[in-house]
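Participant: I'm passing along structure35.cif; it holds mmCIF, C-alpha atoms and all ligand atoms.
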```cif
data_final
loop_
_atom_site.label_atom_id
_atom_site.label_comp_id
_atom_site.auth_asym_id
_atom_site.auth_seq_id
_atom_site.Cartn_x
_atom_site.Cartn_y
_atom_site.Cartn_z
CA MET A 26 10.61 21.05 -19.34
CA SER A 27 11.80 18.35 -21.71
CA ASN A 28 11.19 14.69 -21.01
CA GLU A 29 14.70 13.44 -21.61
CA LEU A 30 15.12 9.94 -20.34
CA ASN A 31 18.32 10.68 -18.44
CA GLN A 32 16.75 13.15 -16.03
CA LYS A 33 17.55 12.32 -12.41
CA ILE A 34 14.31 11.24 -10.77
CA TYR A 35 13.65 10.55 -7.09
CA VAL A 36 10.69 8.28 -6.34
CA ALA A 37 9.91 8.75 -2.64
CA GLY A 38 8.28 5.54 -1.38
CA HIS A 39 9.75 3.42 -4.20
CA ARG A 40 9.15 0.18 -2.29
CA GLY A 41 5.46 0.96 -1.63
CA MET A 42 2.57 -0.25 -3.78
CA VAL A 43 2.29 2.95 -5.83
CA GLY A 44 5.96 3.98 -5.75
CA SER A 45 7.12 0.58 -7.00
CA ALA A 46 4.54 0.73 -9.83
CA ILE A 47 5.82 4.21 -10.79
CA VAL A 48 9.37 2.79 -10.94
CA ARG A 49 8.10 -0.05 -13.20
CA VAL A 50 6.46 2.46 -15.57
CA LEU A 51 9.49 4.76 -15.64
CA ASN A 52 11.80 1.80 -16.36
CA ALA A 53 9.50 0.57 -19.12
CA LYS A 54 9.51 4.02 -20.71
CA GLY A 55 13.30 4.00 -20.75
CA TYR A 56 14.12 6.46 -17.96
CA THR A 57 17.65 5.61 -16.89
CA ASN A 58 18.35 7.55 -13.70
CA ILE A 59 15.76 6.62 -11.06
CA ILE A 60 16.74 6.89 -7.40
CA GLY A 61 15.00 5.47 -4.31
CA ARG A 62 15.74 5.23 -0.60
CA THR A 63 14.08 2.85 1.84
CA HIS A 64 12.49 4.17 5.02
CA ALA A 65 15.43 2.68 6.98
CA GLU A 66 17.96 4.49 4.76
CA LEU A 67 16.17 7.86 4.85
CA ASP A 68 13.39 8.79 7.28
CA LEU A 69 11.51 11.49 5.40
CA THR A 70 10.17 12.98 8.66
CA ASP A 71 13.80 13.93 9.51
CA GLN A 72 14.25 17.46 8.18
CA ALA A 73 18.05 17.59 8.37
CA ALA A 74 18.46 14.19 6.69
CA VAL A 75 16.07 15.15 3.88
CA ARG A 76 17.90 18.47 3.37
CA ASN A 77 21.29 16.72 3.11
CA PHE A 78 19.88 14.12 0.73
CA PHE A 79 18.39 16.68 -1.67
CA GLU A 80 21.43 18.95 -1.53
CA CYS A 81 23.76 16.06 -2.38
CA GLU A 82 21.65 14.44 -5.08
CA LYS A 83 20.30 17.45 -7.07
CA PHE A 84 17.27 15.80 -8.68
CA ASP A 85 15.42 17.04 -11.76
CA GLN A 86 12.08 15.49 -10.83
CA VAL A 87 10.40 14.04 -7.74
CA TYR A 88 7.45 11.64 -7.39
CA LEU A 89 6.16 11.91 -3.80
CA ALA A 90 4.56 8.50 -3.18
CA ALA A 91 5.82 8.07 0.40
CA ALA A 92 3.16 8.45 3.05
CA LYS A 93 1.77 6.81 6.15
CA VAL A 94 -1.19 4.92 4.69
CA GLY A 95 -3.85 2.74 6.33
CA GLY A 96 -7.49 1.74 6.59
CA ILE A 97 -10.20 3.03 8.95
CA TYR A 98 -8.86 1.07 11.93
CA ALA A 99 -5.34 2.51 11.68
CA ASN A 100 -6.57 6.04 10.91
CA ASN A 101 -8.88 5.94 13.95
CA THR A 102 -6.32 4.39 16.29
CA PHE A 103 -3.26 6.47 15.33
CA PRO A 104 -4.63 9.89 14.25
CA ALA A 105 -1.63 11.79 15.65
CA GLU A 106 0.82 9.66 13.66
CA PHE A 107 -1.26 10.03 10.50
CA ILE A 108 -1.29 13.83 10.62
CA TYR A 109 2.26 14.32 11.95
CA ASP A 110 4.08 11.85 9.72
CA ASN A 111 2.28 12.88 6.56
CA LEU A 112 2.72 16.61 7.14
CA MET A 113 6.40 16.13 7.98
CA VAL A 114 7.14 13.88 5.00
CA GLN A 115 5.46 16.14 2.46
CA ASN A 116 6.70 19.43 3.98
CA ASN A 117 10.27 18.14 4.04
CA VAL A 118 10.19 16.67 0.54
CA ILE A 119 8.38 19.58 -1.16
CA HIS A 120 10.41 22.28 0.58
CA GLN A 121 13.80 20.61 0.11
CA ALA A 122 12.93 19.80 -3.50
CA PHE A 123 12.34 23.51 -4.02
CA LYS A 124 15.50 24.57 -2.14
CA SER A 125 17.67 22.16 -4.12
CA GLY A 126 16.32 23.27 -7.51
CA VAL A 127 13.84 20.50 -8.45
CA LYS A 128 11.74 21.89 -11.28
CA ARG A 129 8.94 19.37 -11.37
CA LEU A 130 7.31 17.34 -8.60
CA LEU A 131 4.21 15.16 -8.36
CA PHE A 132 2.37 14.89 -5.05
CA LEU A 133 0.11 11.88 -4.53
CA GLY A 134 -3.01 12.60 -2.51
CA SER A 135 -6.19 10.64 -2.08
CA SER A 136 -9.94 10.82 -2.75
CA CYS A 137 -10.50 11.26 1.02
CA ILE A 138 -9.62 14.96 0.59
CA TYR A 139 -13.18 15.51 -0.62
CA PRO A 140 -16.18 16.26 1.61
CA LYS A 141 -18.08 13.23 2.89
CA LEU A 142 -21.25 14.40 1.15
CA ALA A 143 -19.71 15.72 -2.09
CA PRO A 144 -21.95 15.36 -5.18
CA GLN A 145 -21.19 12.29 -7.33
CA PRO A 146 -19.12 11.90 -9.41
CA ILE A 147 -16.74 13.99 -7.28
CA SER A 148 -15.05 16.68 -9.32
CA GLU A 149 -11.89 18.56 -8.44
CA ASP A 150 -13.83 21.70 -7.51
CA ALA A 151 -15.54 19.89 -4.59
CA LEU A 152 -12.35 20.40 -2.55
CA LEU A 153 -12.93 22.46 0.64
CA THR A 154 -16.68 22.75 0.10
CA GLY A 155 -17.82 20.69 3.11
CA LYS A 156 -17.02 18.51 6.12
CA LEU A 157 -14.62 15.58 5.73
CA GLU A 158 -15.26 11.98 6.76
CA PRO A 159 -14.32 12.09 10.49
CA THR A 160 -12.53 8.70 10.58
CA ASN A 161 -9.70 9.86 8.31
CA GLU A 162 -9.88 13.62 8.78
CA PRO A 163 -6.28 14.03 10.08
CA TYR A 164 -4.90 12.13 7.05
CA ALA A 165 -7.15 14.09 4.65
CA VAL A 166 -6.13 17.43 6.18
CA ALA A 167 -2.46 16.52 5.64
CA LYS A 168 -3.18 15.60 2.01
CA ILE A 169 -5.06 18.88 1.44
CA ALA A 170 -2.06 20.71 2.92
CA GLY A 171 0.16 18.88 0.41
CA ILE A 172 -1.90 20.15 -2.53
CA LYS A 173 -1.83 23.67 -1.09
CA MET A 174 1.96 23.44 -0.53
CA CYS A 175 2.47 22.63 -4.20
CA GLU A 176 0.13 25.41 -5.31
CA SER A 177 1.64 27.99 -2.98
CA TYR A 178 5.19 27.23 -4.12
CA ASN A 179 4.05 27.47 -7.74
CA ARG A 180 2.30 30.79 -7.09
CA GLN A 181 5.22 32.33 -5.22
CA TYR A 182 8.17 30.81 -7.09
CA GLY A 183 6.77 29.42 -10.36
CA LYS A 184 7.92 32.30 -12.52
CA SER A 185 11.08 33.26 -10.64
CA HIS A 186 12.41 29.70 -10.25
CA GLY A 187 10.67 27.86 -13.11
CA ILE A 188 9.05 25.30 -10.82
CA ASP A 189 5.89 23.36 -11.59
CA TYR A 190 4.61 21.13 -8.75
CA ARG A 191 1.52 19.04 -9.51
CA SER A 192 -0.91 16.84 -7.56
CA VAL A 193 -2.94 13.76 -8.43
CA MET A 194 -5.81 12.32 -6.38
CA PRO A 195 -6.27 8.58 -6.94
CA THR A 196 -9.43 6.64 -6.26
CA ASN A 197 -9.15 3.30 -4.37
CA LEU A 198 -6.12 1.44 -5.69
CA TYR A 199 -5.23 -2.25 -5.69
CA GLY A 200 -2.46 -4.38 -7.13
CA PRO A 201 0.86 -6.10 -6.41
CA GLY A 202 2.51 -4.90 -3.20
CA ASP A 203 -0.77 -4.18 -1.41
CA ASN A 204 -1.16 -4.50 2.36
CA TYR A 205 -2.95 -7.72 3.45
CA HIS A 206 -2.93 -7.03 7.20
CA PRO A 207 -6.03 -8.71 8.74
CA GLU A 208 -7.24 -5.56 10.57
CA ASN A 209 -5.68 -2.80 8.55
CA SER A 210 -6.16 -3.42 4.86
CA HIS A 211 -8.37 -1.88 2.18
CA VAL A 212 -11.41 -3.71 0.79
CA ILE A 213 -9.80 -5.60 -2.14
CA PRO A 214 -6.76 -7.02 -0.29
CA ALA A 215 -9.04 -7.86 2.67
CA MET A 216 -11.38 -9.80 0.34
CA ILE A 217 -8.49 -11.54 -1.45
CA ARG A 218 -7.12 -12.76 1.85
CA ARG A 219 -10.48 -13.95 3.14
CA PHE A 220 -11.53 -15.74 -0.07
CA HIS A 221 -8.07 -17.31 -0.34
CA GLU A 222 -8.21 -18.59 3.27
CA ALA A 223 -11.76 -19.88 2.71
CA LYS A 224 -10.57 -21.70 -0.43
CA ILE A 225 -7.59 -23.43 1.16
CA ASN A 226 -9.62 -24.35 4.27
CA ASN A 227 -12.64 -25.55 2.22
CA LEU A 228 -15.02 -23.21 4.05
CA PRO A 229 -18.59 -23.28 2.69
CA GLU A 230 -19.16 -19.52 2.95
CA VAL A 231 -17.52 -16.14 3.33
CA ILE A 232 -19.32 -13.39 5.24
CA ILE A 233 -18.98 -9.82 3.96
CA TRP A 234 -19.99 -6.86 6.11
CA GLY A 235 -23.02 -4.79 5.10
CA THR A 236 -25.69 -5.12 2.43
CA GLY A 237 -23.31 -5.28 -0.55
CA THR A 238 -25.08 -2.31 -2.15
CA PRO A 239 -22.54 0.54 -1.59
CA ARG A 240 -20.75 1.48 -4.79
CA ARG A 241 -16.99 2.02 -5.02
CA GLU A 242 -14.47 2.73 -7.77
CA PHE A 243 -11.20 0.78 -8.13
CA LEU A 244 -8.10 1.41 -10.21
CA TYR A 245 -5.25 -1.04 -10.83
CA VAL A 246 -2.00 0.41 -9.49
CA ASP A 247 -0.12 0.19 -12.81
CA ASP A 248 -2.81 2.39 -14.36
CA MET A 249 -2.29 4.85 -11.50
CA ALA A 250 1.45 4.81 -12.09
CA ALA A 251 0.95 5.37 -15.83
CA ALA A 252 -1.35 8.30 -15.02
CA SER A 253 1.28 9.75 -12.67
CA VAL A 254 3.98 9.66 -15.35
CA PHE A 255 1.49 10.99 -17.92
CA VAL A 256 0.72 14.01 -15.70
CA MET A 257 4.40 14.58 -14.99
CA GLU A 258 5.20 14.57 -18.71
CA LEU A 259 2.46 17.06 -19.68
CA SER A 260 3.77 20.39 -20.89
CA LYS A 261 3.00 23.33 -18.61
CA SER A 262 0.72 24.94 -21.19
CA ILE A 263 -1.40 21.77 -21.54
CA CYS A 264 -1.54 21.22 -17.79
CA ASP A 265 -2.58 24.84 -17.29
CA GLN A 266 -5.56 24.27 -19.59
CA VAL A 267 -7.22 21.91 -17.07
CA THR A 268 -5.99 23.35 -13.77
CA LEU A 269 -6.08 26.67 -11.93
CA PRO A 270 -3.38 28.19 -9.71
CA MET A 271 -5.53 27.46 -6.64
CA GLN A 272 -7.18 24.30 -7.96
CA SER A 273 -4.32 22.39 -9.46
CA HIS A 274 -5.05 18.79 -8.44
CA LEU A 275 -6.27 16.18 -10.93
CA ASN A 276 -8.49 13.20 -10.13
CA VAL A 277 -7.39 9.75 -11.29
CA GLY A 278 -10.17 7.16 -11.37
CA PHE A 279 -11.29 4.18 -13.40
CA GLY A 280 -14.34 6.03 -14.70
CA SER A 281 -17.09 3.80 -13.33
CA ASP A 282 -17.91 2.12 -10.04
CA ILE A 283 -19.38 -1.22 -8.94
CA THR A 284 -21.30 -2.52 -5.93
CA ILE A 285 -19.52 -4.34 -3.11
CA ASP A 286 -21.65 -7.36 -4.06
CA GLU A 287 -20.28 -7.33 -7.64
CA LEU A 288 -16.77 -6.79 -6.29
CA ALA A 289 -17.05 -9.76 -3.90
CA ASN A 290 -18.15 -11.99 -6.81
CA GLN A 291 -15.25 -10.82 -8.99
CA VAL A 292 -12.68 -11.34 -6.21
CA SER A 293 -14.13 -14.76 -5.42
CA ALA A 294 -13.83 -15.71 -9.13
CA ALA A 295 -10.24 -14.39 -9.38
CA VAL A 296 -9.26 -16.44 -6.30
CA GLY A 297 -11.12 -19.53 -7.54
CA TYR A 298 -13.35 -19.84 -4.47
CA ASP A 299 -16.64 -21.57 -5.19
CA GLY A 300 -18.43 -21.33 -1.83
CA ARG A 301 -21.26 -18.96 -0.96
CA ILE A 302 -20.99 -15.22 -0.30
CA ILE A 303 -23.20 -14.05 2.57
CA PHE A 304 -23.84 -10.38 3.37
CA ASP A 305 -24.20 -9.53 7.05
CA VAL A 306 -26.80 -6.77 6.79
CA ASN A 307 -26.50 -5.99 10.52
CA LYS A 308 -23.05 -4.53 9.91
CA PRO A 309 -22.57 -0.92 8.73
CA ASP A 310 -22.38 -0.06 5.03
CA GLY A 311 -20.41 3.20 5.07
CA THR A 312 -20.89 5.89 2.42
CA PRO A 313 -23.39 4.74 -0.26
CA ARG A 314 -21.24 5.87 -3.17
CA LYS A 315 -17.73 7.19 -3.83
CA TRP A 316 -16.98 7.84 -7.45
CA MET A 317 -14.46 10.32 -8.87
CA ASP A 318 -14.98 12.53 -11.87
CA SER A 319 -11.75 11.99 -13.84
CA ARG A 320 -12.82 13.73 -17.04
CA ARG A 321 -10.19 16.46 -16.80
CA LEU A 322 -7.38 13.91 -17.02
CA LYS A 323 -9.18 11.70 -19.54
CA ASN A 324 -9.81 14.68 -21.82
CA LEU A 325 -6.03 15.09 -22.01
CA GLY A 326 -5.69 11.58 -23.41
CA TRP A 327 -5.04 9.30 -20.42
CA THR A 328 -7.18 6.20 -20.06
CA PRO A 329 -6.89 3.13 -17.79
CA LYS A 330 -5.87 -0.15 -19.44
CA TYR A 331 -6.78 -2.79 -16.86
CA GLU A 332 -10.34 -4.04 -16.45
CA LEU A 333 -11.12 -5.14 -12.90
CA HIS A 334 -11.02 -8.90 -13.63
CA ASP A 335 -7.56 -8.60 -15.25
CA GLY A 336 -6.24 -6.43 -12.43
CA LEU A 337 -7.62 -8.86 -9.83
CA SER A 338 -5.97 -11.85 -11.56
CA HIS A 339 -2.57 -10.09 -11.59
CA THR A 340 -3.05 -9.06 -7.97
CA TYR A 341 -3.96 -12.58 -6.83
CA ARG A 342 -0.92 -14.04 -8.61
CA ALA A 343 1.29 -11.47 -6.84
CA PHE A 344 -0.39 -12.36 -3.52
CA LEU A 345 0.37 -16.08 -4.04
CA ALA A 346 3.98 -15.30 -5.01
CA GLU A 347 4.38 -13.19 -1.86
CA GLN A 348 2.93 -15.98 0.30
CA GLN A 349 5.35 -18.45 -1.28
CA HIS A 350 8.25 -16.05 -0.74
CA GLN A 351 7.33 -15.67 2.96
CA LYS A 352 7.32 -19.47 3.39
CA GLU A 353 10.83 -19.87 1.91
N1 LIG B 401 -3.41 2.44 -1.69
C1 LIG B 401 -4.44 3.17 -2.08
O1 LIG B 401 -5.56 2.66 -2.27
C2 LIG B 401 -4.27 4.64 -2.30
C3 LIG B 401 -5.40 5.33 -2.71
C4 LIG B 401 -5.28 6.69 -2.92
C5 LIG B 401 -4.07 7.32 -2.70
N2 LIG B 401 -2.97 6.63 -2.31
C6 LIG B 401 -1.74 7.39 -2.09
O2 LIG B 401 -0.65 6.85 -2.78
C7 LIG B 401 0.56 7.08 -2.02
C8 LIG B 401 1.30 5.77 -1.85
O3 LIG B 401 0.43 4.83 -1.21
P1 LIG B 401 0.75 3.27 -1.20
O4 LIG B 401 -0.56 2.58 -1.24
O5 LIG B 401 1.79 2.94 -2.18
O6 LIG B 401 1.32 3.10 0.28
P2 LIG B 401 2.45 2.09 0.80
O7 LIG B 401 2.43 0.83 -0.01
O8 LIG B 401 2.28 2.01 2.27
O9 LIG B 401 3.80 2.86 0.44
C9 LIG B 401 4.19 4.00 1.14
C10 LIG B 401 5.70 4.01 1.19
O10 LIG B 401 6.13 5.18 1.89
C11 LIG B 401 7.16 4.80 2.79
N3 LIG B 401 7.21 5.72 3.93
C12 LIG B 401 6.22 6.00 4.80
N4 LIG B 401 6.66 6.86 5.74
C13 LIG B 401 7.97 7.12 5.45
C14 LIG B 401 8.98 7.90 6.06
N5 LIG B 401 8.74 8.61 7.18
N6 LIG B 401 10.21 7.92 5.50
C15 LIG B 401 10.47 7.20 4.38
N7 LIG B 401 9.56 6.43 3.76
C16 LIG B 401 8.32 6.39 4.29
C17 LIG B 401 6.78 3.41 3.24
O11 LIG B 401 7.88 2.74 3.77
P3 LIG B 401 7.66 1.78 5.07
O12 LIG B 401 6.55 0.82 4.67
O13 LIG B 401 8.97 1.15 5.28
O14 LIG B 401 7.22 2.69 6.18
C18 LIG B 401 6.27 2.80 1.94
O15 LIG B 401 7.33 2.25 1.18
C19 LIG B 401 0.13 7.71 -0.70
O16 LIG B 401 0.32 9.09 -0.76
C20 LIG B 401 -1.34 7.40 -0.62
O17 LIG B 401 -2.05 8.40 0.06
C21 LIG B 401 -3.04 5.29 -2.10
#
```
Please, can you express the file's structure as structure tokens?
Facilitator:
Amino acid sequence: MSNELNQKIYVAGHRGMVGSAIVRVLNAKGYTNIIGRTHAELDLTDQAAVRNFFECEKFDQVYLAAAKVGGIYANNTFPAEFIYDNLMVQNNVIHQAFKSGVKRLLFLGSSCIYPKLAPQPISEDALLTGKLEPTNEPYAVAKIAGIKMCESYNRQYGKSHGIDYRSVMPTNLYGPGDNYHPENSHVIPAMIRRFHEAKINNLPEVIIWGTGTPRREFLYVDDMAAASVFVMELSKSICDQVTLPMQSHLNVGFGSDITIDELANQVSAAVGYDGRIIFDVNKPDGTPRKWMDSRRLKNLGWTPKYELHDGLSHTYRAFLAEQQHQKE
């Protein structure tokens, strides 16, 4: 497939953190025909509405970045919604994309598809080799089904219909447009909020759960979006060199991880908080390490551009702008 800039592209979830970053990257590259629909305009769990939409619009490409996303609290509290909504959204989008003649699609999954005890760094072939982390198992099962949907459609219809549906599995992401909900946010937005509140209230210390020793990997969302477009633009023959028909997903990570202690210090510096950071060692730590092996993608020439301190500065500026916007 050529990469002409006038191809009609649907970004599902274009107002979300990742979807909006994909739109920014596509715009910057000069793509001219990018379409989005808000959740209110098009509920992607509604099969008939999704069918009508795809039949009317006739897209060339689809980025599937719409999903029900949340932290441990939300995953544990609403497991039925996490499995139902995600299966419905991806089944509807992938199937109707196929029925309406979309040749190329990118499905966004997550590192939680991998077994809880997968060897580190986690490579693509660790998929389906062990038990998942129980707290987000329903979400992970839906994401695994999404990868297998793409692969199965490729295997059955790839040659006859010329389709090529791909999947990328991001590590932990952060950046503008993140969710700062007090109970339901990921580690970086949660820390940004807490250090910011401590700064404006002149609090002497911020308490972080656990020992600070677990290691995690973080990728700035614009790097993830660039990787998504990079994968979408790969020729089939190049993509086939690093994937298999039944192992087609590609990891997208920063390449190295840091401790929660180091992260807390970097977030505190980005926010400009100069109080103390205390670790509450009586609170649980979670998995000791979660680090993706992204060599397959990197060997094809993709590399992240944003170091953590730069990404955190951009993210904090976006957080302040959002706070200002909410006040007005
Ligand atoms: N954030 C991360 O750290 C991370 C890490 C790994 C993978 N990912 C993956 O990246 C993708 C995007 O995540 P994100 O962080 O950008 O999430 P997000 O900011 O919550 O964006 C998701 C978007 O999907 C939309 N959406 C959800 N359900 C929908 C429905 N039924 N119909 C129409 N639109 C719907 C949401 O709209 P509403 O808000 O209006 O519902 C939102 O705009 C997901 O597949 C996620 O698994 C994210």
Participant: Step by step, measure atom-to-atom distances between ligand LIG 401 (chain B) and each residue using all atoms listed in the file, keep those at most 8 Å, then write them as JSON, numbers by chain.
Facilitator: {"A": [37, 38, 39, 40, 41, 42, 43, 44, 45, 62, 63, 64, 65, 66, 67, 68, 69, 70, 71, 89, 90, 91, 92, 93, 94, 95, 110, 111, 113, 114, 132, 133, 134, 135, 136, 137, 168, 194, 195, 196, 197, 198, 199, 202, 203, 204, 211]}
Participant: Ranking A:Ile233, A:Glu242, A:Val118, A:Lys323 by minimum distance to Asn290 in chain A and counting only C-alpha atoms, which one comes first?
Facilitator: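 Nearest to Asn290 in chain A: A:Ile233.
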Participant: For Gly183 in chain A, please output as a list in words all residues within 12 Å (counting all atoms listed in the file; exclusion window: fewer than 5 positions along the same chain).
Facilitator: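 Residues meeting the cut-off are Phe123, Gly126, Val127, Lys128, Arg129, Cys175, Glu176, Ser177, Tyr178, Ile188, Asp189, Tyr190, Arg191, Lys261 and Pro270 of chain A.
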Participant: Could you check how far CA of Gly336 in chain A sits from CA of Tyr245 in chain A, in Å to one decimal?
Facilitator: 5.7 Å
Participant: Could you give me, as a count of residues only, the residues within 8 Å of Glu230 in chain A, counting all atoms listed in the file and dropping anything in the same chain fewer than 2 positions from it?
Facilitator: 7
Participant: Give me, as a list in words, all polymer residues having an atom no more than 12 Å from His206 in chain A, counting only C-alpha atoms and skipping those fewer than 5 positions away in the same chain.
Facilitator: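 My reading of the contact set: Gly95, Gly96, Tyr98, Ala99, His211, Val212, Ile213, Pro214, Ala215, Met216, Ile217, Arg218 and Arg219 of chain A.
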Participant: Around range 293-307 of chain A, fit a box with edges along x, y and z, padding it by 3 Å on each side, then list its centre and edge lengths in Å to one decimal as JSON.
Facilitator:
```
{"center_x": -18.0, "center_y": -13.8, "center_z": 0.6, "size_x": 23.5, "size_y": 21.6, "size_z": 25.9}
```
Participant: Between A:Gly326, A:Pro163, A:Gly311, A:Gly61, single out the one closest to Tyr109 in chain A, counting all atoms listed in the file.
Facilitator: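 Comparing A:Gly326, A:Pro163, A:Gly311, A:Gly61 against Tyr109 in chain A, the winner is A:Pro163.
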Participant: Around (3.2, -7.5, -4.3) in the file's frame, which residues reach within 8 Å when counting only C-alpha atoms? Return as a list in words?
Facilitator: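 It turns out the residues near that spot are Met42, Gly200, Pro201, Gly202, Asp203, Thr340, Ala343, Phe344, Ala346 and Glu347 of chain A.
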Participant: Taking only C-alpha atoms into account, name the residue in A:Asn77, A:Thr236, A:Gln349, A:Thr268 that is nearest to Ala122 in chain A.
Facilitator: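 Among A:Asn77, A:Thr236, A:Gln349, A:Thr268, it is A:Asn77 that comes nearest to Ala122 in chain A.
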Participant: Could you check how far CA of Ile147 in chain A sits from CA of Trp316 in chain A, in Å to one decimal?
Facilitator: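 Rounded to one decimal, the two atoms are 6.2 Å apart.
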Participant: Once you count all atoms listed in the file, which residues end up no further than 10 Å from (10.5, 8.3, -19.7) in the file's frame, shown as a PyMOL selection string?
Facilitator: chain A and resi 28-32+50-58+254-255+257-258
Participant: With C-alpha atoms retained, could you export that selection as a short mmCIF file (atom, residue, chain, number, x, y, z; two decimals), in the coordinates of the input?
Facilitator:
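This went into result05.cif:
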```
data_model
loop_
_atom_site.label_atom_id
_atom_site.label_comp_id
_atom_site.auth_asym_id
_atom_site.auth_seq_id
_atom_site.Cartn_x
_atom_site.Cartn_y
_atom_site.Cartn_z
CA ASN A 28 11.19 14.69 -21.01
CA GLU A 29 14.70 13.44 -21.61
CA LEU A 30 15.12 9.94 -20.34
CA ASN A 31 18.32 10.68 -18.44
CA GLN A 32 16.75 13.15 -16.03
CA VAL A 50 6.46 2.46 -15.57
CA LEU A 51 9.49 4.76 -15.64
CA ASN A 52 11.80 1.80 -16.36
CA ALA A 53 9.50 0.57 -19.12
CA LYS A 54 9.51 4.02 -20.71
CA GLY A 55 13.30 4.00 -20.75
CA TYR A 56 14.12 6.46 -17.96
CA THR A 57 17.65 5.61 -16.89
CA ASN A 58 18.35 7.55 -13.70
CA VAL A 254 3.98 9.66 -15.35
CA PHE A 255 1.49 10.99 -17.92
CA MET A 257 4.40 14.58 -14.99
CA GLU A 258 5.20 14.57 -18.71
#
```
Participant: Using all atoms listed in the file, which residues sit within 10 Å of Ala294 in chain A once same-chain residues fewer than 4 positions away are excluded, as a list of chain:residue names?
Facilitator: A:Phe220, A:Leu288, A:Ala289, A:Asn290, A:Tyr298, A:Asp299, A:His334, A:Leu337, A:Ser338
Participant: What would the file look like if the residues just selected were written as a PDB file, in the frame of the given file with C-alpha atoms?
Facilitator:
```
ATOM      1  CA  PHE A 220     -11.530 -15.740  -0.070  1.00  0.00           C
ATOM      2  CA  LEU A 288     -16.770  -6.790  -6.290  1.00  0.00           C
ATOM      3  CA  ALA A 289     -17.050  -9.760  -3.900  1.00  0.00           C
ATOM      4  CA  ASN A 290     -18.150 -11.990  -6.810  1.00  0.00           C
ATOM      5  CA  TYR A 298     -13.350 -19.840  -4.470  1.00  0.00           C
ATOM      6  CA  ASP A 299     -16.640 -21.570  -5.190  1.00  0.00           C
ATOM      7  CA  HIS A 334     -11.020  -8.900 -13.630  1.00  0.00           C
ATOM      8  CA  LEU A 337      -7.620  -8.860  -9.830  1.00  0.00           C
ATOM      9  CA  SER A 338      -5.970 -11.850 -11.560  1.00  0.00           C
TER      10      SER A 338
END
```
Participant: With a distance cut-off of 7 Å and all atoms listed in the file, select the neighbouring residues of Ser319 in chain A, excluding the residue or stretch itself and same-chain residues fewer than 4 positions from it, and output the selection as a PDB file with C-alpha atoms, keeping the file's coordinate frame.
Facilitator:
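Output (part-v4.pdb):
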```pdb
ATOM      1  CA  ASN A 276      -8.490  13.200 -10.130  1.00  0.00           C
ATOM      2  CA  VAL A 277      -7.390   9.750 -11.290  1.00  0.00           C
ATOM      3  CA  GLY A 278     -10.170   7.160 -11.370  1.00  0.00           C
ATOM      4  CA  GLY A 280     -14.340   6.030 -14.700  1.00  0.00           C
ATOM      5  CA  LYS A 323      -9.180  11.700 -19.540  1.00  0.00           C
TER       6      LYS A 323
END
```
